[in-house]
Amino acid sequence: MVNQLALPSIRWFAPAPLWGRPGAVRLDHTNGSVGQPAILRFSTDLFMEELLALTASYPERLADWIAQYETWREPMPAPAAAADLRLTEPIRPRRGTPTGADTVVPVRWSAPRGTDKGPLKLYQPVHQRHYLVAAALVCQQPGLPDRIVDRAKQEQLGFVVRRISAGDVLNPAPEEYAFVAEPDGFSWRRVPVERRQALEPGEERLPVFAINYRHCARDRQLLAGTIPVGKREAYLAAPGWGHAGAGDSVGAAHPRTRLGLLFDADVASPWKALVEQAHLFEQAFLAPAAQEEDAEQRRKDYVDALDRLREQIQTGSWYVLLDFAKFLERYLSSVWQSLKNGLPGDALSGPEWVLAEAIRSTALLPDLVDALAGKFRPLNYSVAADLATALVSVAAWEAQLEGVESALDLGLRVDPSGEGWPDFLFPLANPALEMDRIGRNGNLFGLLPGPEEGAAVLDESALPLDAKLDRIERLAELVQAALPKEGVQAPELEPAPGSWDKDEAWFVIRCVFERPRCGPGNQVVVSNATEPFQMAAFFDPDGPARPVRIPMPLDVSPAGLRKYKKNTTFMISDMLCGQIERIKKLSLGDLVLSVLPWPFHKDLPNVGAGGSCKKGGLDIGMWCSLSIPIVTLCALILLIIMVALFDLFFKWLPFLFVCLPIPGLKGKKSGGGGGLP
């Protein structure tokens with residue numbers, strides 16, 4: 001009888017130099033433990049050359065590169081063996097071992113989690129830090145030989161990044177979420193407890209590479225992969241998609257779909273900005289004067305500003321209405337046809353009918369309609385009766401609105417369509433000012449009352465700002481409810497992540513060995529999880545600082561600055577040229593006075609409607625060449641001025657700017673009357 005030999009099982013361990021002594025297997029959750037992959041830290045951009053030289057010359061010192069807690073105030077010391085690595089010489093395989101190599105160098109283990117040193121945090125390449133996950137794939141038989149990957153049998157190596165919740169960091173078996181590819185992007189999917197040592201369908205696999213080296217007189221193989229710390233924002237932005245179980249707050253869906261987010265971005269948010277702009281102006285104007293005799297002067301100062309504000313609000317209102325109409329036409333065509341052609345109510349679904357009726361019932365206050373009609377009747381402007389009329393009317397002006405070149409000026413033009421502006425008014429916000437040249441307490445916002453509230457035309461002059469913004473939010477909710485649930489191509493907008501706390505994002509890594517030609521249950525070998533770690537943000541206060549040096553011009557005299565070539569070109573269109581010409585009419589004093597509070601405040605002077613640059617009836621653009629060294633010098637001077645100004649409020653100058661003397665650094669060479677360099 002022939003007995004079938006049992007194949008040795010395969011298992012992931014830490015790299016062989018971290019095993020300590022033969023047979024001394026240490027299983028815990030400290031980075032560098034034998035039973036889990038290790039995270040190595042490198043502090044130079046030549047980390048690959050450093051790893052190759054390390055494994056070729058001093059593999060027994062690999063433990064010195066184990067990642068530990070560090071901050072810019074207390075950085076991890078550079079490994080002593082790094083000074084002996086010869087990175088520039090060709091890497092040659094070692095045929096022998098140094099004296100005493102059979103005696104394993106004791107491993108310097110990292111500080112356990114929970115100590116006063118802090119959590120393990122991985123920094124980005126911008127902080128001059130690079131991290132590798134390193135492991136060994138071995139057969140569980142005497143000597144623990146390395147398992148050689150057979151590419152001909154489609155065997156593959158890789159690793160996966162999984163996320164854990166902050167409350168599970170100290171848990172020996174934390175709840176994990178896999179980074180899985182969905183039809184509309186990657187998301188986090190809860191991994192069942194029984195599948196932690198397996199792969200989820202569609203889970204992202206990251207590549208590893210192999211390095212052969214010699215350790216303790218034996219040929220070994222190190223498997224390593226670069227940890228993508230730079231993908232931190234992609235990991236944090238991915239939505240959590242867990243099982244719909246009780247208490248599953250991590251995987252909760254965002255209340256807005258992609259189309260709902262598009263409506264928020266194109267319509268609801270700009271509309272809210274117009275309301276906030278009007279409210280802030282109203283609050284500034286209605287603030288009590290310091291003295292009674294100042295009230296009349298303040299009213300005169302704000303009359304022109306009020307007209308300019310209304311021009312800005314009406315301009316923004318036309319474009320918001322246009323985006324609203326295009327959104328309805330594309331994604332809610334039934335509602336759009338109902339507003340445009342009067343479809344019967346039975347042609348709409350319940351949510352669509354509610355939305356259409358809310359739009360039809362939204363109108364301006366009668367006082368404001370009368371005031372607008374009376375003031376602008378000589379300019380051939382009409383006032384839209386309600387929101388539905390405004391949406392249908394603005395759709396016919398799309399081509400003209402997209403081609404407008406100059407700003408709206410209601411006080412100069414007779415024909416409103418002369419420069420492409422619509423011939424009707426429907427402001428989506430209006431300051432409710434007591435001394436108003438247009439009307440008494442004229443204010444929009446009888447917006448979207450509930451069915452129990454009755455008519456939509458309400459006097460909201462006394463409503464707080466939050467109440468006005470809530471009505472726009474109710475409109476967004478009605479749109480969201482009416483949107484189709486499927487069958488519509490959504491734009492590339494990512495919902496906000498569910499309930500992930502970005503400041504408490506924790507991750508682990510598992511190495512993966514795939515062998516698809518093995519029988520069921522033996523196709524994937526997944527390692528234990530690494531020590532939990534965090535990924536540092538780009539501007540992390542704990543991040544080590546990469547030295548950045550910006551050379552400035554030394555000789556700043558006219559003779560020295562004229563030597564720098566104007567080799568940076570800006571192409572300026574005729575429209576941008578016109579805006580630049582308008583800006584040239586403003587002085588620094590005008591800008592300063594415009595931001596000062598009353599009574600020192602003075603509005604910016606009227607620089608005209610602008611338009612494109614023309615010469616002889618021909619539209620003229622420009623190309624301008626600049627000298628980058630001189631631009632850098634100007635930026636530094638402007639930075640110093642702004643820092644000194646803001647330091648009056650923030651007191652941050654000691655933490656932001658420091659200058660140290662450099663003896664002998666001169667702008668011009670000595671001798672010869674300050675001769676040329």
# chains A, B, ... in the order shown; residues from 1 in each chain; ligands from 1
$ residues_around --residues "A:Phe159" --least-positions-apart "3" --cutoff "8 Å" --atoms "only C-alpha atoms" --output "VMD selection string"
chain A and resid 205 to 208 225 509 to 512
$ write_last_selection --atoms "N, CA and C atoms" --output "CSV table (one decimal), in the first residue's frame"
chain,number,residue,atom,x,y,z
A,205,ARG,N,-5.8,44.5,-4.5
A,205,ARG,CA,-4.5,43.8,-4.2
A,205,ARG,C,-3.4,44.7,-4.6
A,206,LEU,N,-2.5,44.9,-3.8
A,206,LEU,CA,-1.3,45.7,-4.1
A,206,LEU,C,-0.1,44.8,-4.3
A,207,PRO,N,0.8,45.2,-5.1
A,207,PRO,CA,1.9,44.3,-5.5
A,207,PRO,C,3.0,44.2,-4.5
A,208,VAL,N,3.7,43.1,-4.5
A,208,VAL,CA,4.9,42.9,-3.7
A,208,VAL,C,6.0,42.4,-4.6
A,225,GLY,N,6.4,45.1,-0.1
A,225,GLY,CA,5.6,46.0,-0.9
A,225,GLY,C,5.5,47.4,-0.3
A,509,ILE,N,-2.6,45.7,7.5
A,509,ILE,CA,-2.2,45.1,6.3
A,509,ILE,C,-2.1,43.6,6.4
A,510,ARG,N,-2.6,42.9,5.4
A,510,ARG,CA,-2.5,41.5,5.4
A,510,ARG,C,-1.8,41.1,4.0
A,511,CYS,N,-0.8,40.2,4.1
A,511,CYS,CA,-0.2,39.7,2.9
A,511,CYS,C,-1.0,38.5,2.3
A,512,VAL,N,-1.0,38.4,1.0
A,512,VAL,CA,-1.9,37.4,0.3
A,512,VAL,C,-1.0,36.6,-0.6
$ atom_distance --atom1 "atom CA of A:Ala358" --atom2 "atom CA of A:Leu339"
11.0 Å
$ closest_atom_pairs --of "stretch 523-611 of chain A" --to "stretch 389-409 of chain A" --cutoff "12 Å" --atoms "only C-alpha atoms" --output "JSON lines"
{"residue": "A:Ser573", "atom": "CA", "partner": "A:Glu405", "partner_atom": "CA", "distance": 11.6}
{"residue": "A:Asp574", "atom": "CA", "partner": "A:Glu405", "partner_atom": "CA", "distance": 9.7}
{"residue": "A:Met575", "atom": "CA", "partner": "A:Glu405", "partner_atom": "CA", "distance": 6.7}
{"residue": "A:Leu576", "atom": "CA", "partner": "A:Glu405", "partner_atom": "CA", "distance": 9.8}
{"residue": "A:Cys577", "atom": "CA", "partner": "A:Glu405", "partner_atom": "CA", "distance": 11.5}
{"residue": "A:Gly578", "atom": "CA", "partner": "A:Ser406", "partner_atom": "CA", "distance": 9.0}
{"residue": "A:Gln579", "atom": "CA", "partner": "A:Ser406", "partner_atom": "CA", "distance": 9.2}
{"residue": "A:Arg582", "atom": "CA", "partner": "A:Ser406", "partner_atom": "CA", "distance": 11.3}
{"residue": "A:Asn606", "atom": "CA", "partner": "A:Asp409", "partner_atom": "CA", "distance": 10.8}
{"residue": "A:Val607", "atom": "CA", "partner": "A:Ala407", "partner_atom": "CA", "distance": 11.0}
{"residue": "A:Gly608", "atom": "CA", "partner": "A:Asp409", "partner_atom": "CA", "distance": 8.6}
{"residue": "A:Ala609", "atom": "CA", "partner": "A:Ala407", "partner_atom": "CA", "distance": 5.2}
{"residue": "A:Gly610", "atom": "CA", "partner": "A:Ser406", "partner_atom": "CA", "distance": 5.6}
{"residue": "A:Gly611", "atom": "CA", "partner": "A:Ser406", "partner_atom": "CA", "distance": 4.5}
$ write_last_selection --atoms "N, CA and C atoms" --output "short mmCIF file (atom, residue, chain, number, x, y, z; two decimals), in the first residue's frame"
data_model
loop_
_atom_site.label_atom_id
_atom_site.label_comp_id
_atom_site.auth_asym_id
_atom_site.auth_seq_id
_atom_site.Cartn_x
_atom_site.Cartn_y
_atom_site.Cartn_z
N SER A 573 -6.55 86.26 -22.40
CA SER A 573 -7.59 86.46 -23.39
C SER A 573 -8.08 87.90 -23.37
N ASP A 574 -8.92 88.25 -24.35
CA ASP A 574 -9.45 89.61 -24.41
C ASP A 574 -10.33 89.91 -23.20
N MET A 575 -11.10 88.89 -22.70
CA MET A 575 -11.96 89.13 -21.55
C MET A 575 -11.14 89.34 -20.29
N LEU A 576 -10.11 88.50 -20.09
CA LEU A 576 -9.25 88.68 -18.92
C LEU A 576 -8.48 89.99 -19.00
N CYS A 577 -8.11 90.38 -20.19
CA CYS A 577 -7.45 91.67 -20.37
C CYS A 577 -8.33 92.81 -19.90
N GLY A 578 -9.64 92.72 -20.22
CA GLY A 578 -10.56 93.76 -19.77
C GLY A 578 -10.68 93.81 -18.27
N GLN A 579 -10.70 92.64 -17.63
CA GLN A 579 -10.77 92.62 -16.17
C GLN A 579 -9.50 93.21 -15.55
N ARG A 582 -9.67 96.88 -15.58
CA ARG A 582 -10.54 97.39 -14.52
C ARG A 582 -9.80 97.41 -13.19
N ASN A 606 -16.48 102.72 -8.50
CA ASN A 606 -17.08 102.06 -9.66
C ASN A 606 -16.09 102.12 -10.81
N VAL A 607 -15.61 100.96 -11.25
CA VAL A 607 -14.62 100.91 -12.33
C VAL A 607 -15.26 100.59 -13.67
N GLY A 608 -16.59 100.66 -13.74
CA GLY A 608 -17.26 100.44 -15.00
C GLY A 608 -17.65 98.99 -15.21
N ALA A 609 -18.41 98.77 -16.26
CA ALA A 609 -18.90 97.42 -16.55
C ALA A 609 -17.83 96.53 -17.13
N GLY A 610 -16.76 97.10 -17.61
CA GLY A 610 -15.68 96.30 -18.15
C GLY A 610 -15.96 95.85 -19.56
N GLY A 611 -15.68 94.60 -19.85
CA GLY A 611 -15.76 94.09 -21.20
C GLY A 611 -14.39 93.68 -21.68
#
$ closest_residue --among "A:Pro125, A:Gly35, A:Pro174, A:Pro366" --to "A:Arg196" --atoms "only C-alpha atoms"
A:Pro174
$ atom_distance --atom1 "atom CA of A:Ala545" --atom2 "atom CA of A:Ile640"
21.7 Å
$ select_by_dssp --residues "stretch 115-168 of chain A" --states "strand (DSSP E)" --output "ChimeraX atom specification"
/A:121-122,130-139,156-164
$ atom_distance --atom1 "atom CA of A:Lys326" --atom2 "atom CA of A:Val369"
25.4 Å
$ closest_residue --among "A:Arg330, A:Arg549, A:Arg308, A:Lys651" --to "A:Pro605" --atoms "only C-alpha atoms"
A:Arg308
$ closest_residue --among "A:Leu653, A:Ile641, A:Ile211, A:Cys518" --to "A:Gln154" --atoms "only C-alpha atoms"
A:Cys518
$ closest_residue --among "A:Leu475, A:Ser338, A:Ala234, A:Lys563" --to "A:Lys272" --atoms "only C-alpha atoms"
A:Leu475
$ residues_around --residues "A:Ala537" --least-positions-apart "3" --cutoff "12 Å" --atoms "only C-alpha atoms" --output "PDB file with C-alpha atoms, in the first residue's frame"
ATOM      1  CA  LYS A 121       1.690  56.585  12.425  1.00  0.00           C
ATOM      2  CA  LEU A 122       3.006  56.326   8.877  1.00  0.00           C
ATOM      3  CA  TYR A 123       4.004  59.564   7.188  1.00  0.00           C
ATOM      4  CA  GLN A 124       3.885  60.501   3.531  1.00  0.00           C
ATOM      5  CA  PRO A 125       6.762  60.812   1.060  1.00  0.00           C
ATOM      6  CA  VAL A 126       6.436  64.586   1.355  1.00  0.00           C
ATOM      7  CA  HIS A 127       7.652  64.129   4.951  1.00  0.00           C
ATOM      8  CA  VAL A 229       0.417  56.236   2.427  1.00  0.00           C
ATOM      9  CA  GLY A 230      -0.052  58.865  -0.296  1.00  0.00           C
ATOM     10  CA  LYS A 231      -3.481  57.319  -1.012  1.00  0.00           C
ATOM     11  CA  ARG A 232      -4.732  58.342   2.419  1.00  0.00           C
ATOM     12  CA  GLU A 233      -7.309  60.779   1.046  1.00  0.00           C
ATOM     13  CA  ALA A 234      -8.636  58.171  -1.391  1.00  0.00           C
ATOM     14  CA  TYR A 235      -9.032  55.720   1.490  1.00  0.00           C
ATOM     15  CA  LEU A 236     -10.790  58.285   3.671  1.00  0.00           C
ATOM     16  CA  LYS A 502     -10.950  60.947   9.577  1.00  0.00           C
ATOM     17  CA  ASP A 503      -8.823  61.837  12.586  1.00  0.00           C
ATOM     18  CA  GLU A 504      -9.258  58.307  13.961  1.00  0.00           C
ATOM     19  CA  ALA A 505      -8.677  56.294  10.791  1.00  0.00           C
ATOM     20  CA  GLN A 534      -2.610  55.489  11.141  1.00  0.00           C
ATOM     21  CA  ASP A 540       0.225  66.644   9.810  1.00  0.00           C
ATOM     22  CA  PRO A 541       1.620  68.529  12.818  1.00  0.00           C
ATOM     23  CA  ASP A 542       3.508  65.393  13.884  1.00  0.00           C
ATOM     24  CA  GLY A 543       5.058  64.850  10.451  1.00  0.00           C
ATOM     25  CA  PRO A 544       8.821  65.191  10.036  1.00  0.00           C
TER      26      PRO A 544
END
$ closest_residue --among "A:Tyr58, A:Trp19, A:Tyr131, A:Tyr69" --to "A:Leu40" --atoms "only C-alpha atoms"
A:Tyr131
$ residues_around --residues "A:Asp266" --least-positions-apart "3" --cutoff "9 Å" --atoms "only C-alpha atoms" --output "PyMOL selection string"
chain A and resi 261-263+269-271+320+323-324+327
